[in-house]
$ cat query-v6.cif   # mmCIF, C-alpha atoms
data_query
loop_
_atom_site.label_atom_id
_atom_site.label_comp_id
_atom_site.auth_asym_id
_atom_site.auth_seq_id
_atom_site.Cartn_x
_atom_site.Cartn_y
_atom_site.Cartn_z
CA MET A 129 110.32 -193.58 68.19
CA LEU A 130 112.78 -196.37 67.38
CA THR A 131 115.57 -194.46 69.10
CA ILE A 132 113.41 -194.12 72.22
CA SER A 133 112.75 -197.88 72.35
CA LEU A 134 116.40 -198.77 71.80
CA LEU A 135 117.60 -196.25 74.38
CA LEU A 136 115.00 -197.53 76.84
CA ASN A 137 116.36 -201.06 76.37
CA ILE A 138 119.92 -199.87 76.91
CA LEU A 139 119.14 -197.69 79.93
CA VAL A 140 117.19 -200.46 81.63
CA LEU A 141 119.43 -203.38 80.72
CA ILE A 142 122.86 -201.97 81.59
CA PRO A 143 122.09 -201.74 85.32
CA ILE A 144 119.99 -204.93 85.34
CA CYS A 145 122.75 -206.96 83.66
CA PHE A 146 125.37 -205.46 85.97
CA LEU A 147 123.30 -206.23 89.08
CA MET A 148 122.67 -209.78 87.85
CA LEU A 149 126.36 -210.34 87.04
CA THR A 150 127.45 -209.11 90.46
CA ASN A 151 124.67 -211.05 92.24
CA ASN A 152 123.62 -207.81 93.91
CA VAL A 153 121.45 -208.21 96.99
CA ARG A 154 118.56 -206.43 95.22
CA MET A 155 118.68 -208.98 92.40
CA VAL A 156 118.75 -211.85 94.88
CA LYS A 157 115.73 -210.35 96.65
CA THR A 158 113.87 -209.81 93.36
CA LEU A 159 114.91 -212.90 91.34
CA GLY A 160 116.27 -215.27 93.96
CA GLU A 161 119.73 -216.77 94.26
CA PHE A 162 121.70 -217.38 91.07
CA ASN A 163 120.53 -220.49 89.26
CA PRO A 164 120.50 -221.74 85.63
CA ALA A 165 117.21 -219.94 84.92
CA ARG A 166 118.73 -216.61 86.02
CA GLY A 167 121.76 -217.35 83.83
CA ILE A 168 119.49 -217.91 80.84
CA LEU A 169 117.60 -214.68 81.61
CA LEU A 170 120.91 -212.81 81.82
CA ALA A 171 121.95 -214.22 78.43
CA MET A 172 118.66 -213.08 76.93
CA TYR A 173 118.98 -209.61 78.47
CA ALA A 174 122.58 -209.27 77.27
CA THR A 175 121.52 -210.25 73.74
CA ILE A 176 118.78 -207.60 73.75
CA LEU A 177 121.25 -205.06 75.16
CA PHE A 178 123.91 -205.76 72.51
CA GLY A 179 121.28 -205.87 69.76
CA SER A 180 119.89 -202.51 70.87
CA ILE A 181 123.34 -200.92 70.92
CA TYR A 182 124.09 -202.34 67.47
CA LEU A 183 120.78 -201.09 66.03
CA LEU A 184 121.32 -197.65 67.53
CA ILE A 185 124.66 -197.44 65.69
CA PHE A 186 123.60 -199.32 62.53
CA PRO A 187 119.83 -198.83 62.20
CA ASP A 188 117.93 -201.50 60.28
CA ILE A 189 114.14 -201.29 60.49
CA LYS A 190 113.53 -205.00 59.77
CA PHE A 191 115.96 -206.19 62.45
CA ALA A 192 114.67 -203.58 64.91
CA ILE A 193 111.07 -204.67 64.42
CA ALA A 194 112.11 -208.31 64.91
CA LEU A 195 113.93 -207.45 68.15
CA LEU A 196 111.02 -205.40 69.46
CA LEU A 197 108.39 -207.99 68.51
CA VAL A 198 110.25 -210.72 70.41
CA GLN A 199 110.42 -208.42 73.41
CA ILE A 200 106.74 -207.50 73.17
CA VAL A 201 105.71 -211.16 73.18
CA TYR A 202 107.90 -212.24 76.08
CA LYS A 203 107.10 -209.13 78.11
CA LEU A 204 103.35 -209.60 77.66
CA LEU A 205 103.72 -213.26 78.68
CA THR A 206 105.51 -212.49 81.97
CA PRO A 207 102.36 -211.85 84.07
CA PHE A 208 101.19 -215.34 83.08
CA THR A 209 104.53 -217.08 83.61
CA VAL A 210 105.30 -215.28 86.89
CA LYS A 211 101.63 -215.55 87.94
CA THR A 212 101.38 -212.05 89.38
CA LEU A 213 101.06 -208.43 88.32
CA LYS A 214 102.87 -207.21 91.46
CA HIS A 215 106.44 -208.33 90.66
CA PRO A 216 108.68 -205.36 89.72
CA PHE A 217 109.96 -207.10 86.57
CA VAL A 218 106.39 -207.80 85.43
CA ILE A 219 105.38 -204.18 85.95
CA SER A 220 108.41 -202.83 84.07
CA ASN A 221 107.97 -205.41 81.31
CA LEU A 222 104.39 -204.29 80.71
CA PHE A 223 105.42 -200.63 80.58
CA ILE A 224 108.27 -201.35 78.16
CA ALA A 225 105.99 -203.54 76.01
CA ILE A 226 103.62 -200.59 75.59
CA VAL A 227 106.48 -198.35 74.45
CA HIS A 228 107.68 -201.02 72.01
CA ILE A 229 104.16 -201.56 70.64
CA VAL A 230 103.88 -197.84 69.89
CA THR A 231 107.29 -197.95 68.23
CA VAL A 232 106.44 -200.95 66.04
CA LYS A 233 103.13 -199.32 65.03
CA SER A 234 105.03 -196.13 64.08
CA LEU A 235 107.46 -198.14 61.93
CA SER A 236 104.80 -200.17 60.12
#
$ encode --input "query-v6.cif" --output "structure tokens"
Amino acid sequence: MLTISLLLNILVLIPICFLMLTNNVRMVKTLGEFNPARGILLAMYATILFGSIYLLIFPDIKFAIALLLVQIVYKLLTPFTVKTLKHPFVISNLFIAIVHIVTVKSLS
């Protein structure tokens, strides 16, 4: 299950980070023009991406659980911080949070 969560992170974050870095029109439509908040979000996504790649190569259950728990919390908070359930990032965050919750439960 851990491999599934880490691969999900990688498969989702590679295109998202690329689209954010290139200021793709879809990212501008979804997240707005580049601003410091988007830069911080990109830094967070890149950290999760690199951490997931690292843990896929060098598995460590404690570090993996820490990474997934941080993601679960922030992903479950997004409907409240974005103030909608209709935003595509909120919807995907909730789906990914469910996968990560199942993974953490399987590792505990």
$ residues_around --input "query-v6.cif" --residues "range 193-202 of chain A" --least-positions-apart "6" --cutoff "7 Å" --atoms "only C-alpha atoms" --output "PyMOL selection string"
chain A and resi 225+228-229+232
$ resolve_selection --input "query-v6.cif" --expression "the PyMOL selection byres ((chain A and resi 145) around 10)" --output "PyMOL selection string"
chain A and resi 140-144+146-151+155+169-174+177
$ resolve_selection --input "query-v6.cif" --expression "the PyMOL selection byres ((chain A and resi 223) around 12)" --output "number ranges by chain"
A: 133, 136-137, 140, 199-200, 203-204, 206, 213, 216-222, 224-230
$ closest_residue --input "query-v6.cif" --among "A:Met129, A:Ser180, A:Thr175, A:Thr158" --to "Ser236 in chain A" --atoms "only C-alpha atoms"
A:Met129
$ atom_distance --input "query-v6.cif" --atom1 "CA of Ile138 in chain A" --atom2 "CA of Ile189 in chain A"
17.5 Å
$ atom_distance --input "query-v6.cif" --atom1 "CA of Arg154 in chain A" --atom2 "CA of Gly167 in chain A"
16.1 Å
$ closest_residue --input "query-v6.cif" --among "A:Ile181, A:Lys233, A:Arg166, A:Phe208" --to "Leu134 in chain A" --atoms "only C-alpha atoms"
A:Ile181
